[in-house]
Amino acid sequence: MKIFYRNFLILFLLLFVSVDGFSQAIYPRNYFRSPLEMRLLLSGTFGELRSNHFHSGIDIKTAGTEGAPVYAIADGYVSRIKVSAYGFGKVLYVTHPNGFVSVYAHLSKFSRIIGDHVKGEQYRRELFEIELFPEESRFPVKKGDIIAYSGNSGSSGGPHLHFEIRDAAQKTINPLLFGFEVKDFFKPRILSVKIYPENENSRVNGKNKPVRFLTEGWGTEHRITGNPAITVSGDISFAIQAYDQQNDTDNKNGAYAARLFIDSAKVFDFDVETFAFDETRYINSYLDYEEYVKNDVRLQRTKIDPGNKLSMYNQLNNNGVYHFSDTLTHSIRYEVADVAGNTAVLAFKVKSVKPLLNKAETDTTRTPGFDFPFSLFHWDRPNHFNNGSIVLDAPKGVFYDSFEFSVDSAAMIPGTYTRVYRIHNKYTPVHDYMTLSIRPSDVPEELLAKALIVKVGDDGKSFSSAGGEWESGYIRTKIREFGNYTIAVDTVPPKVRAVNPGQFANMAGQKTLKLTVSDDLSGIASYRAVLNGKWILLEYDPKNNLMIYTIDEHMVPGKNNLLVEVRDGKNNRFYYSAVLNL
C-alpha cells in the first residue's frame with residue numbers, strides 16, 4: 001500500500017501545473033482504457049446539477065439493457081466492494097498503481113470469483129447489504145479483465161454504468177479529463193439569465209426584485225429574448241441556466257465550466273474538475289434554490305453565501321456580488337463550456353444607475369400565512385427555537401446564510417395527533433440535520449411507541465415519514481429540510497405477497513422467486529428470509545418494491561418451506577409463508 005501512495009504523490013507533484021484552460025491539472029490520458037467495449041454515450045456528466053448533490057461521475061448508456069461486461073480500466077486490485085439496496089447498489093472499487101481509484105456502480109452482478117466471495121460473506125453474516133475491504137492480494141486485476149456486469153441496482157433510474165475516478169483521498173475527478181473518447185462537437189445551450197439585487201438599496205429595472213430573462217440563439221450567438229433594456233443599481237449578482245449535449249444522444253447533460261466577464265474583465269470562474277464528497281450538498285447554495293424548488297429550474301449563481309464551502313470556484317470578486325454605482329453602460333458576457341472545449345456565449349448590456357442613499361420600494365413580502373415576529377437565525381452559530389409546542393435545534397453549519405426564521409401552525413389533519421406546524425418555508429435550503437421535537441396533543445399512551453413525525457405534502461393532506469421516537473414529552477427526529485410537519489402513528493404492518501403464487505407449485509426450471517413488499521408509512525426497516533429453517537439471500541429492490549431470491553443449492557428437491565419476516569420503522573411485523581415445490 002505504501003508503494004501506491006508514494007506513486008500517487010510523485011504523479012501529482014509532476015502533474016499539478018498551471019495550464020491555460022478549464023482544468024488546473026494535467027491527468028494521464030493514455031493510461032486507462034474504457035470500462036465498456038461499446039461506444040461511450042453519456043446520459044449524465046460529471047458535476048451535473050442533481051437533487052442535493054453534484055453528480056460524482058459519468059453515466060454511460062448500455063443500450064437500455066443490463067449485463068454488459070465491465071472491464072478494469074488498468075492494472076490494480078479490488079479494494080472495496082459494497083452491496084446496498086440504495087445509492088450505488090452493487091459497486092466495485094479498484095485501486096491502481098498510479099494512485100487513482102476507479103469506481104463501477106449500479107452493477108447487476110460481479111465477476112464469478114468476486115461474486116462467489118461476496119455471496120459467501122453475505123451468507124456468513126446473514127446480511128444482504130454488505131461492505132468489504134479485501135486485502136490487496138485477494139483480487140488483483142489486469143487491464144481489460146472483466147470484473148462485473150452493468151445493471152440497474154441501487155437508486156439507479158434505468159440501466160447504465162455509473163463510472164468514477166477518484167484520487168487516493170477519495171476526492172472524485174472528472175473522468176473525461178483522462179482522455180476517454182466521447183464524441184462531442186456540440187456547444188452548450190444557454191436558456192436564461194437572472195439578475196439579483198443584493199441589498200435593500202439595489203435595483204434591477206428599478207425594482208428591488210430579481211428578474212429572470214429568457215434567451216435565444218445558439219453557440220456564440222446567444223442573446224436575451226427581445227433585447228430588453230436592463231438597468232442595474234448597487235450590489236448585483238447574476239445566475240445562468242444552461243445544459244450541454246454530446247453527439248448522438250438526446251440527453252441534456254451538465255456543462256463543465258461557467259465564466260462571467262464584466263467589461264472584458266473576468267470576475268467569475270467555476271468548473272467541475274474535482275470535488276470532495278463532503279462538499280457536494282453545497283450545490284443547494286450554489287443554485288438559486290427557491291427557483292429550483294418552485295419551477296424546477298437550475299440557475300447557477302455567482303454569489304457565494306458565507307456558509308458555502310465549495311472548492312470549485314476559481315476566480316471570484318467580492319464573493320460574486322458586483323457594485324454598479326456609475327451612469328455608464330456595461331458589457332456583460334457569460335461563457336459556458338463543456339469539457340471538450342466547446343463554448344457557448346451570452347452577451348448583453350446593462351445600464352448602471354446611481355444607487356439610492358436610503359431604503360425605498362424594498363420588497364417586504366413575507367411568506368403568506370406566517371405570523372410575526374420573525375426570529376433571526378445565524379449561519380455561523382447554533383440556533384435554537386422553542387415555543388412550547390415545537391423545539392428546533394440547528395447546529396452551526398446547517399445554514400448557508402442568516403435569515404429571518406418563522407413558525408406558524410394550521411388545523412389538524414384527520415388521522416394525525418397535533419396541529420400542522422409550518423416550519424419556515426421549503427425555499428430555504430438546509431445543509432445538515434436539525435433536531436425537531438413536536439409535542440403531541442392527544443396520542444394514547446399505548447400508541448406512543450408507534451408515533452412519528454410526518455412531513456405534510458403540498459396538497460395539505462398526504463404525508464410521508466420523517467421518523468422519530470417518544471422522548472421526554474415530545475416526538476423527536478432529525479430533519480434536513482423545512483416544511484410542514486405533524487405527528488401520526490403507524491400501527492399497520494408491511495405487506496408481502498408473491499408476484500406469481502402459481503409458480504410455487506412447480507419451481508423446477510425457475511431461476512428466481514419474486515415477492516412484492518410495501519409499507520404505508522414508516523418504511524421497511526429490516527427483513528429476514530429462511531428456507532427450511534436456514535437463512536437465504538433475499539435481495540431487496542426498494543425502487544420496484546421487490547424482494548428477489550435467486551434459486552440455488554439451498555432449495556432442495558421436494559417441498560421447501562419459506563418464511564419471510566418484514567418489519568417497518570415502527571416495529572410492525574408481517575410474516576409471509578409459502579411452500580415451494582421443486
# chains A, B, ... in the order shown; residues from 1 in each chain; ligands from 1
call {"tool": "residues_around", "arguments": {"residues": "stretch 251-259 of chain A", "least_positions_apart": "5", "cutoff": "7 Å", "atoms": "only C-alpha atoms", "output": "JSON, numbers by chain"}}
result
{"A": [43, 44, 45, 47, 48, 49, 188, 243, 244, 245, 268, 269, 270, 271, 272, 334, 335, 336, 337, 338, 339]}
call {"tool": "residues_around", "arguments": {"residues": "stretch 56-66 of chain A", "least_positions_apart": "3", "cutoff": "9 Å", "atoms": "only C-alpha atoms", "output": "mmCIF file with N, CA, C and O atoms, in the first residue's frame"}}
result
data_model
loop_
_atom_site.group_PDB
_atom_site.id
_atom_site.type_symbol
_atom_site.label_atom_id
_atom_site.label_comp_id
_atom_site.auth_asym_id
_atom_site.auth_seq_id
_atom_site.Cartn_x
_atom_site.Cartn_y
_atom_site.Cartn_z
ATOM 1 N N LEU A 36 -16.127 -0.061 -20.761
ATOM 2 C CA LEU A 36 -17.044 -0.842 -21.595
ATOM 3 C C LEU A 36 -16.451 -1.007 -22.990
ATOM 4 O O LEU A 36 -15.629 -0.204 -23.430
ATOM 5 N N MET A 38 -18.488 -1.014 -25.646
ATOM 6 C CA MET A 38 -19.355 -0.232 -26.523
ATOM 7 C C MET A 38 -18.932 1.236 -26.541
ATOM 8 O O MET A 38 -18.198 1.700 -25.658
ATOM 9 N N ARG A 39 -19.373 1.947 -27.558
ATOM 10 C CA ARG A 39 -19.096 3.377 -27.656
ATOM 11 C C ARG A 39 -19.664 4.112 -26.455
ATOM 12 O O ARG A 39 -20.752 3.791 -25.974
ATOM 13 N N LEU A 40 -18.925 5.100 -25.968
ATOM 14 C CA LEU A 40 -19.346 5.827 -24.784
ATOM 15 C C LEU A 40 -20.340 6.921 -25.145
ATOM 16 O O LEU A 40 -19.982 7.950 -25.724
ATOM 17 N N LEU A 41 -21.603 6.686 -24.785
ATOM 18 C CA LEU A 41 -22.661 7.678 -24.910
ATOM 19 C C LEU A 41 -23.122 8.001 -23.496
ATOM 20 O O LEU A 41 -23.443 7.094 -22.719
ATOM 21 N N LEU A 42 -23.188 9.272 -23.164
ATOM 22 C CA LEU A 42 -23.419 9.666 -21.785
ATOM 23 C C LEU A 42 -24.856 10.113 -21.542
ATOM 24 O O LEU A 42 -25.398 10.932 -22.282
ATOM 25 N N SER A 43 -25.430 9.583 -20.483
ATOM 26 C CA SER A 43 -26.728 10.077 -20.007
ATOM 27 C C SER A 43 -26.554 10.998 -18.811
ATOM 28 O O SER A 43 -27.526 11.582 -18.332
ATOM 29 N N GLY A 44 -25.325 11.143 -18.334
ATOM 30 C CA GLY A 44 -25.033 12.055 -17.238
ATOM 31 C C GLY A 44 -23.558 12.399 -17.225
ATOM 32 O O GLY A 44 -22.712 11.538 -17.474
ATOM 33 N N THR A 45 -23.238 13.655 -16.984
ATOM 34 C CA THR A 45 -21.857 14.106 -16.971
ATOM 35 C C THR A 45 -21.397 14.413 -15.546
ATOM 36 O O THR A 45 -22.200 14.569 -14.636
ATOM 37 N N PHE A 46 -20.094 14.528 -15.409
ATOM 38 C CA PHE A 46 -19.506 14.812 -14.103
ATOM 39 C C PHE A 46 -19.882 16.228 -13.647
ATOM 40 O O PHE A 46 -19.849 17.176 -14.425
ATOM 41 N N GLY A 47 -20.222 16.339 -12.369
ATOM 42 C CA GLY A 47 -20.575 17.639 -11.818
ATOM 43 C C GLY A 47 -21.952 18.122 -12.190
ATOM 44 O O GLY A 47 -22.346 19.242 -11.836
ATOM 45 N N GLU A 48 -22.709 17.300 -12.905
ATOM 46 C CA GLU A 48 -24.067 17.676 -13.314
ATOM 47 C C GLU A 48 -24.890 18.048 -12.080
ATOM 48 O O GLU A 48 -24.715 17.479 -10.999
ATOM 49 N N HIS A 53 -27.073 17.261 -4.769
ATOM 50 C CA HIS A 53 -25.675 16.871 -4.973
ATOM 51 C C HIS A 53 -25.219 17.148 -6.396
ATOM 52 O O HIS A 53 -26.017 17.245 -7.324
ATOM 53 N N VAL A 103 -14.223 3.461 -10.023
ATOM 54 C CA VAL A 103 -15.452 3.046 -9.349
ATOM 55 C C VAL A 103 -16.480 2.658 -10.406
ATOM 56 O O VAL A 103 -16.695 3.400 -11.376
ATOM 57 N N LEU A 107 -24.215 -2.018 -10.625
ATOM 58 C CA LEU A 107 -23.942 -3.277 -11.320
ATOM 59 C C LEU A 107 -25.061 -4.280 -11.108
ATOM 60 O O LEU A 107 -25.774 -4.251 -10.089
ATOM 61 N N SER A 108 -25.207 -5.204 -12.056
ATOM 62 C CA SER A 108 -26.174 -6.301 -11.879
ATOM 63 C C SER A 108 -25.534 -7.453 -11.133
ATOM 64 O O SER A 108 -26.186 -8.114 -10.311
ATOM 65 N N TYR A 149 -20.703 -6.797 -14.321
ATOM 66 C CA TYR A 149 -21.637 -6.615 -15.428
ATOM 67 C C TYR A 149 -22.575 -5.456 -15.089
ATOM 68 O O TYR A 149 -23.010 -5.308 -13.949
ATOM 69 N N SER A 150 -22.870 -4.643 -16.084
ATOM 70 C CA SER A 150 -23.680 -3.440 -15.850
ATOM 71 C C SER A 150 -25.086 -3.813 -15.416
ATOM 72 O O SER A 150 -25.570 -4.910 -15.687
ATOM 73 N N GLY A 151 -25.744 -2.856 -14.755
ATOM 74 C CA GLY A 151 -27.081 -3.155 -14.273
ATOM 75 C C GLY A 151 -27.899 -1.926 -13.962
ATOM 76 O O GLY A 151 -27.744 -0.871 -14.589
ATOM 77 N N ASN A 152 -28.757 -2.078 -12.938
ATOM 78 C CA ASN A 152 -29.691 -1.013 -12.566
ATOM 79 C C ASN A 152 -29.943 -1.077 -11.060
ATOM 80 O O ASN A 152 -31.021 -0.731 -10.585
ATOM 81 N N GLY A 158 -32.443 3.670 -14.277
ATOM 82 C CA GLY A 158 -32.506 2.901 -15.511
ATOM 83 C C GLY A 158 -31.159 2.240 -15.752
ATOM 84 O O GLY A 158 -30.147 2.644 -15.168
ATOM 85 N N PRO A 159 -31.116 1.223 -16.607
ATOM 86 C CA PRO A 159 -29.852 0.510 -16.835
ATOM 87 C C PRO A 159 -28.760 1.441 -17.371
ATOM 88 O O PRO A 159 -28.959 2.165 -18.353
ATOM 89 N N HIS A 160 -27.604 1.433 -16.725
ATOM 90 C CA HIS A 160 -26.435 2.191 -17.174
ATOM 91 C C HIS A 160 -25.264 1.843 -16.278
ATOM 92 O O HIS A 160 -25.428 1.153 -15.264
ATOM 93 N N LEU A 161 -24.090 2.308 -16.638
ATOM 94 C CA LEU A 161 -22.915 2.177 -15.774
ATOM 95 C C LEU A 161 -22.540 3.551 -15.247
ATOM 96 O O LEU A 161 -22.253 4.467 -16.025
ATOM 97 N N HIS A 162 -22.565 3.696 -13.927
ATOM 98 C CA HIS A 162 -22.027 4.903 -13.296
ATOM 99 C C HIS A 162 -20.545 4.649 -13.058
ATOM 100 O O HIS A 162 -20.162 3.683 -12.390
ATOM 101 N N PHE A 163 -19.707 5.540 -13.595
ATOM 102 C CA PHE A 163 -18.251 5.328 -13.565
ATOM 103 C C PHE A 163 -17.561 6.557 -12.996
ATOM 104 O O PHE A 163 -17.892 7.688 -13.357
ATOM 105 N N GLU A 164 -16.625 6.320 -12.080
ATOM 106 C CA GLU A 164 -15.884 7.410 -11.446
ATOM 107 C C GLU A 164 -14.390 7.124 -11.450
ATOM 108 O O GLU A 164 -13.962 5.966 -11.499
ATOM 109 N N ILE A 165 -13.630 8.206 -11.330
ATOM 110 C CA ILE A 165 -12.209 8.111 -10.996
ATOM 111 C C ILE A 165 -11.971 9.023 -9.803
ATOM 112 O O ILE A 165 -12.360 10.198 -9.818
ATOM 113 N N THR A 172 -13.283 12.917 -5.899
ATOM 114 C CA THR A 172 -13.659 12.468 -7.233
ATOM 115 C C THR A 172 -13.239 13.481 -8.298
ATOM 116 O O THR A 172 -13.256 14.692 -8.061
ATOM 117 N N ILE A 173 -12.839 12.975 -9.465
ATOM 118 C CA ILE A 173 -12.269 13.782 -10.551
ATOM 119 C C ILE A 173 -13.068 13.521 -11.819
ATOM 120 O O ILE A 173 -13.523 12.399 -12.067
ATOM 121 N N ASN A 174 -13.213 14.539 -12.647
ATOM 122 C CA ASN A 174 -13.949 14.394 -13.900
ATOM 123 C C ASN A 174 -13.272 13.332 -14.780
ATOM 124 O O ASN A 174 -12.148 13.531 -15.240
ATOM 125 N N PRO A 175 -13.924 12.190 -15.037
ATOM 126 C CA PRO A 175 -13.274 11.129 -15.823
ATOM 127 C C PRO A 175 -12.901 11.556 -17.234
ATOM 128 O O PRO A 175 -11.945 11.014 -17.813
ATOM 129 N N LEU A 176 -13.624 12.520 -17.810
ATOM 130 C CA LEU A 176 -13.339 12.913 -19.187
ATOM 131 C C LEU A 176 -12.018 13.653 -19.305
ATOM 132 O O LEU A 176 -11.514 13.844 -20.421
ATOM 133 N N THR A 274 -13.027 18.687 -10.066
ATOM 134 C CA THR A 274 -12.902 17.747 -8.963
ATOM 135 C C THR A 274 -13.597 18.316 -7.731
ATOM 136 O O THR A 274 -13.725 19.536 -7.594
ATOM 137 N N PHE A 275 -14.069 17.430 -6.865
ATOM 138 C CA PHE A 275 -14.633 17.886 -5.598
ATOM 139 C C PHE A 275 -14.631 16.731 -4.606
ATOM 140 O O PHE A 275 -14.517 15.555 -4.975
ATOM 141 N N PHE A 277 -16.563 14.586 -1.508
ATOM 142 C CA PHE A 277 -17.952 14.202 -1.274
ATOM 143 C C PHE A 277 -18.593 15.001 -0.140
ATOM 144 O O PHE A 277 -19.806 15.219 -0.144
ATOM 145 N N THR A 280 -20.529 18.118 -1.547
ATOM 146 C CA THR A 280 -21.453 18.018 -2.672
ATOM 147 C C THR A 280 -22.808 18.668 -2.387
ATOM 148 O O THR A 280 -23.450 19.216 -3.281
#
call {"tool": "residues_around", "arguments": {"residues": "A:Gly558", "least_positions_apart": "4", "cutoff": "9 Å", "atoms": "only C-alpha atoms", "output": "ChimeraX atom specification"}}
result
/A:580-582
call {"tool": "write_last_selection", "arguments": {"atoms": "N, CA, C and O atoms", "output": "PDB file, in the first residue's frame"}}
result
ATOM      1  N   LEU A 580     -42.799 -24.253  -1.378  1.00  0.00           N
ATOM      2  CA  LEU A 580     -42.263 -24.249  -2.734  1.00  0.00           C
ATOM      3  C   LEU A 580     -41.931 -25.674  -3.122  1.00  0.00           C
ATOM      4  O   LEU A 580     -41.208 -26.379  -2.393  1.00  0.00           O
ATOM      5  N   ASN A 581     -42.431 -26.117  -4.253  1.00  0.00           N
ATOM      6  CA  ASN A 581     -42.222 -27.496  -4.704  1.00  0.00           C
ATOM      7  C   ASN A 581     -41.173 -27.531  -5.805  1.00  0.00           C
ATOM      8  O   ASN A 581     -41.307 -26.877  -6.832  1.00  0.00           O
ATOM      9  N   LEU A 582     -40.115 -28.275  -5.574  1.00  0.00           N
ATOM     10  CA  LEU A 582     -39.032 -28.402  -6.565  1.00  0.00           C
ATOM     11  C   LEU A 582     -38.936 -29.849  -7.013  1.00  0.00           C
ATOM     12  O   LEU A 582     -38.830 -30.759  -6.173  1.00  0.00           O
TER      13      LEU A 582
END
call {"tool": "atom_distance", "arguments": {"atom1": "atom CA of A:His554", "atom2": "atom CA of A:Trp535"}}
result
9.1 Å
call {"tool": "residues_around", "arguments": {"residues": "stretch 485-498 of chain A", "least_positions_apart": "6", "cutoff": "8 Å", "atoms": "only C-alpha atoms", "output": "number ranges by chain"}}
result
A: 415-423, 438, 440, 447-448, 450-456, 475, 514-522, 524, 566-568, 570, 572-576
call {"tool": "select_by_dssp", "arguments": {"residues": "stretch 240-457 of chain A", "states": "strand (DSSP E)", "output": "ChimeraX atom specification"}}
result
/A:240-243,257-262,265-271,274-275,300-301,313-316,322-324,329-337,343-352,375-377,383-386,390-394,403-405,407-410,420-423,434-438,451-456
call {"tool": "closest_residue", "arguments": {"among": "A:Pro35, A:Pro28, A:Gly397, A:Pro501", "to": "A:Ser577", "atoms": "only C-alpha atoms"}}
result
A:Pro501
call {"tool": "closest_residue", "arguments": {"among": "A:Val345, A:Val83, A:Ile283, A:Val321", "to": "A:Val430", "atoms": "only C-alpha atoms"}}
result
A:Ile283
call {"tool": "closest_residue", "arguments": {"among": "A:Met412, A:Val297, A:Ile230, A:Leu92", "to": "A:Ala242", "atoms": "only C-alpha atoms"}}
result
A:Val297
call {"tool": "select_by_dssp", "arguments": {"residues": "stretch 277-346 of chain A", "states": "helix (DSSP H, G or I)", "output": "ChimeraX atom specification"}}
result
/A:277-286,289-295,318-320
call {"tool": "write_last_selection", "arguments": {"atoms": "N, CA, C and O atoms", "output": "mmCIF file, in the first residue's frame"}}
result
data_model
loop_
_atom_site.group_PDB
_atom_site.id
_atom_site.type_symbol
_atom_site.label_atom_id
_atom_site.label_comp_id
_atom_site.auth_asym_id
_atom_site.auth_seq_id
_atom_site.Cartn_x
_atom_site.Cartn_y
_atom_site.Cartn_z
ATOM 1 N N PHE A 277 -16.563 14.586 -1.508
ATOM 2 C CA PHE A 277 -17.952 14.202 -1.274
ATOM 3 C C PHE A 277 -18.593 15.001 -0.140
ATOM 4 O O PHE A 277 -19.806 15.219 -0.144
ATOM 5 N N ASP A 278 -17.798 15.458 0.814
ATOM 6 C CA ASP A 278 -18.402 16.190 1.925
ATOM 7 C C ASP A 278 -18.807 17.611 1.547
ATOM 8 O O ASP A 278 -19.366 18.337 2.366
ATOM 9 N N GLU A 279 -18.542 18.025 0.309
ATOM 10 C CA GLU A 279 -18.973 19.350 -0.116
ATOM 11 C C GLU A 279 -20.093 19.311 -1.147
ATOM 12 O O GLU A 279 -20.605 20.346 -1.570
ATOM 13 N N THR A 280 -20.529 18.118 -1.547
ATOM 14 C CA THR A 280 -21.453 18.018 -2.672
ATOM 15 C C THR A 280 -22.808 18.668 -2.387
ATOM 16 O O THR A 280 -23.450 19.216 -3.281
ATOM 17 N N ARG A 281 -23.264 18.658 -1.115
ATOM 18 C CA ARG A 281 -24.587 19.229 -0.815
ATOM 19 C C ARG A 281 -24.572 20.758 -0.879
ATOM 20 O O ARG A 281 -25.642 21.386 -0.889
ATOM 21 N N TYR A 282 -23.390 21.359 -0.951
ATOM 22 C CA TYR A 282 -23.333 22.811 -1.127
ATOM 23 C C TYR A 282 -23.926 23.249 -2.465
ATOM 24 O O TYR A 282 -24.068 24.446 -2.725
ATOM 25 N N ILE A 283 -24.285 22.287 -3.293
ATOM 26 C CA ILE A 283 -24.992 22.625 -4.526
ATOM 27 C C ILE A 283 -26.243 23.438 -4.223
ATOM 28 O O ILE A 283 -26.642 24.302 -5.020
ATOM 29 N N ASN A 284 -26.859 23.211 -3.056
ATOM 30 C CA ASN A 284 -28.091 23.930 -2.721
ATOM 31 C C ASN A 284 -27.838 25.397 -2.419
ATOM 32 O O ASN A 284 -28.773 26.203 -2.410
ATOM 33 N N SER A 285 -26.583 25.752 -2.166
ATOM 34 C CA SER A 285 -26.211 27.157 -2.028
ATOM 35 C C SER A 285 -25.742 27.727 -3.357
ATOM 36 O O SER A 285 -25.973 28.898 -3.656
ATOM 37 N N TYR A 286 -25.084 26.912 -4.146
ATOM 38 C CA TYR A 286 -24.618 27.344 -5.468
ATOM 39 C C TYR A 286 -25.795 27.677 -6.383
ATOM 40 O O TYR A 286 -25.764 28.650 -7.148
ATOM 41 N N TYR A 289 -31.883 28.201 -5.066
ATOM 42 C CA TYR A 289 -32.651 27.083 -4.522
ATOM 43 C C TYR A 289 -34.154 27.316 -4.633
ATOM 44 O O TYR A 289 -34.920 26.395 -4.932
ATOM 45 N N GLU A 290 -34.589 28.539 -4.402
ATOM 46 C CA GLU A 290 -36.016 28.830 -4.486
ATOM 47 C C GLU A 290 -36.532 28.629 -5.903
ATOM 48 O O GLU A 290 -37.608 28.060 -6.110
ATOM 49 N N GLU A 291 -35.779 29.075 -6.892
ATOM 50 C CA GLU A 291 -36.181 28.890 -8.297
ATOM 51 C C GLU A 291 -36.252 27.403 -8.632
ATOM 52 O O GLU A 291 -37.152 26.950 -9.355
ATOM 53 N N TYR A 292 -35.321 26.642 -8.088
ATOM 54 C CA TYR A 292 -35.310 25.198 -8.348
ATOM 55 C C TYR A 292 -36.538 24.525 -7.733
ATOM 56 O O TYR A 292 -37.213 23.717 -8.375
ATOM 57 N N VAL A 293 -36.843 24.850 -6.467
ATOM 58 C CA VAL A 293 -37.979 24.213 -5.797
ATOM 59 C C VAL A 293 -39.300 24.624 -6.441
ATOM 60 O O VAL A 293 -40.198 23.803 -6.639
ATOM 61 N N LYS A 294 -39.423 25.895 -6.786
ATOM 62 C CA LYS A 294 -40.684 26.388 -7.351
ATOM 63 C C LYS A 294 -40.905 25.927 -8.782
ATOM 64 O O LYS A 294 -42.004 25.504 -9.151
ATOM 65 N N ASN A 295 -39.852 26.009 -9.602
ATOM 66 C CA ASN A 295 -40.038 25.854 -11.046
ATOM 67 C C ASN A 295 -39.160 24.782 -11.690
ATOM 68 O O ASN A 295 -39.164 24.645 -12.918
ATOM 69 N N ASN A 318 -15.349 39.817 -4.777
ATOM 70 C CA ASN A 318 -16.343 40.230 -3.791
ATOM 71 C C ASN A 318 -17.439 39.187 -3.609
ATOM 72 O O ASN A 318 -18.629 39.510 -3.536
ATOM 73 N N ASN A 319 -17.024 37.910 -3.548
ATOM 74 C CA ASN A 319 -17.972 36.800 -3.341
ATOM 75 C C ASN A 319 -19.097 36.780 -4.367
ATOM 76 O O ASN A 319 -20.227 36.391 -4.072
ATOM 77 N N GLY A 320 -18.787 37.169 -5.588
ATOM 78 C CA GLY A 320 -19.752 37.058 -6.677
ATOM 79 C C GLY A 320 -20.806 38.134 -6.726
ATOM 80 O O GLY A 320 -21.800 38.008 -7.451
#
call {"tool": "atom_distance", "arguments": {"atom1": "atom CA of A:Val182", "atom2": "atom CA of A:Ala25"}}
result
19.9 Å
call {"tool": "residues_around", "arguments": {"residues": "A:Asn386", "least_positions_apart": "6", "cutoff": "12 Å", "atoms": "only C-alpha atoms", "output": "PyMOL selection string"}}
result
chain A and resi 375+392-394+406-407+423+435-439
call {"tool": "write_last_selection", "arguments": {"atoms": "C-alpha atoms", "output": "tab-separated table (two decimals), in the first residue's frame"}}
result
chain	number	residue	atom	x	y	z
A	375	SER	CA	-36.50	35.28	14.71
A	392	LEU	CA	-35.89	23.11	16.74
A	393	ASP	CA	-32.15	22.82	17.30
A	394	ALA	CA	-29.88	23.61	14.36
A	406	SER	CA	-40.66	31.81	11.19
A	407	VAL	CA	-43.11	29.23	12.52
A	423	ILE	CA	-41.63	25.39	9.97
A	435	THR	CA	-33.36	18.10	15.60
A	436	LEU	CA	-37.10	18.68	15.51
A	437	SER	CA	-39.27	17.92	18.54
A	438	ILE	CA	-43.07	18.21	18.46
A	439	ARG	CA	-45.33	17.84	21.50
call {"tool": "atom_distance", "arguments": {"atom1": "atom CA of A:Ile224", "atom2": "atom CA of A:Val204"}}
result
15.3 Å
call {"tool": "decode", "arguments": {"residues": "stretch 291-302 of chain A", "atoms": "N, CA, C and O atoms", "output": "PDB file, in the first residue's frame"}}
result
ATOM      1  N   GLU A 291     -35.779  29.075  -6.892  1.00  0.00           N
ATOM      2  CA  GLU A 291     -36.181  28.890  -8.297  1.00  0.00           C
ATOM      3  C   GLU A 291     -36.252  27.403  -8.632  1.00  0.00           C
ATOM      4  O   GLU A 291     -37.152  26.950  -9.355  1.00  0.00           O
ATOM      5  N   TYR A 292     -35.321  26.642  -8.088  1.00  0.00           N
ATOM      6  CA  TYR A 292     -35.310  25.198  -8.348  1.00  0.00           C
ATOM      7  C   TYR A 292     -36.538  24.525  -7.733  1.00  0.00           C
ATOM      8  O   TYR A 292     -37.213  23.717  -8.375  1.00  0.00           O
ATOM      9  N   VAL A 293     -36.843  24.850  -6.467  1.00  0.00           N
ATOM     10  CA  VAL A 293     -37.979  24.213  -5.797  1.00  0.00           C
ATOM     11  C   VAL A 293     -39.300  24.624  -6.441  1.00  0.00           C
ATOM     12  O   VAL A 293     -40.198  23.803  -6.639  1.00  0.00           O
ATOM     13  N   LYS A 294     -39.423  25.895  -6.786  1.00  0.00           N
ATOM     14  CA  LYS A 294     -40.684  26.388  -7.351  1.00  0.00           C
ATOM     15  C   LYS A 294     -40.905  25.927  -8.782  1.00  0.00           C
ATOM     16  O   LYS A 294     -42.004  25.504  -9.151  1.00  0.00           O
ATOM     17  N   ASN A 295     -39.852  26.009  -9.602  1.00  0.00           N
ATOM     18  CA  ASN A 295     -40.038  25.854 -11.046  1.00  0.00           C
ATOM     19  C   ASN A 295     -39.160  24.782 -11.690  1.00  0.00           C
ATOM     20  O   ASN A 295     -39.164  24.645 -12.918  1.00  0.00           O
ATOM     21  N   ASP A 296     -38.401  24.033 -10.883  1.00  0.00           N
ATOM     22  CA  ASP A 296     -37.500  23.009 -11.399  1.00  0.00           C
ATOM     23  C   ASP A 296     -36.499  23.592 -12.403  1.00  0.00           C
ATOM     24  O   ASP A 296     -36.144  22.959 -13.395  1.00  0.00           O
ATOM     25  N   VAL A 297     -36.064  24.817 -12.138  1.00  0.00           N
ATOM     26  CA  VAL A 297     -35.068  25.500 -12.976  1.00  0.00           C
ATOM     27  C   VAL A 297     -33.780  25.614 -12.168  1.00  0.00           C
ATOM     28  O   VAL A 297     -33.782  26.135 -11.054  1.00  0.00           O
ATOM     29  N   ARG A 298     -32.681  25.117 -12.737  1.00  0.00           N
ATOM     30  CA  ARG A 298     -31.393  25.155 -12.045  1.00  0.00           C
ATOM     31  C   ARG A 298     -30.562  26.330 -12.566  1.00  0.00           C
ATOM     32  O   ARG A 298     -30.000  26.267 -13.651  1.00  0.00           O
ATOM     33  N   LEU A 299     -30.520  27.369 -11.764  1.00  0.00           N
ATOM     34  CA  LEU A 299     -29.746  28.567 -12.091  1.00  0.00           C
ATOM     35  C   LEU A 299     -28.490  28.585 -11.236  1.00  0.00           C
ATOM     36  O   LEU A 299     -28.549  28.503 -10.002  1.00  0.00           O
ATOM     37  N   GLN A 300     -27.329  28.712 -11.881  1.00  0.00           N
ATOM     38  CA  GLN A 300     -26.044  28.690 -11.198  1.00  0.00           C
ATOM     39  C   GLN A 300     -25.644  30.118 -10.840  1.00  0.00           C
ATOM     40  O   GLN A 300     -25.371  30.929 -11.724  1.00  0.00           O
ATOM     41  N   ARG A 301     -25.579  30.406  -9.538  1.00  0.00           N
ATOM     42  CA  ARG A 301     -25.383  31.771  -9.065  1.00  0.00           C
ATOM     43  C   ARG A 301     -23.903  32.148  -9.007  1.00  0.00           C
ATOM     44  O   ARG A 301     -23.045  31.310  -8.739  1.00  0.00           O
ATOM     45  N   THR A 302     -23.646  33.430  -9.189  1.00  0.00           N
ATOM     46  CA  THR A 302     -22.290  33.932  -8.941  1.00  0.00           C
ATOM     47  C   THR A 302     -22.074  34.202  -7.457  1.00  0.00           C
ATOM     48  O   THR A 302     -20.954  34.066  -6.954  1.00  0.00           O
TER      49      THR A 302
END
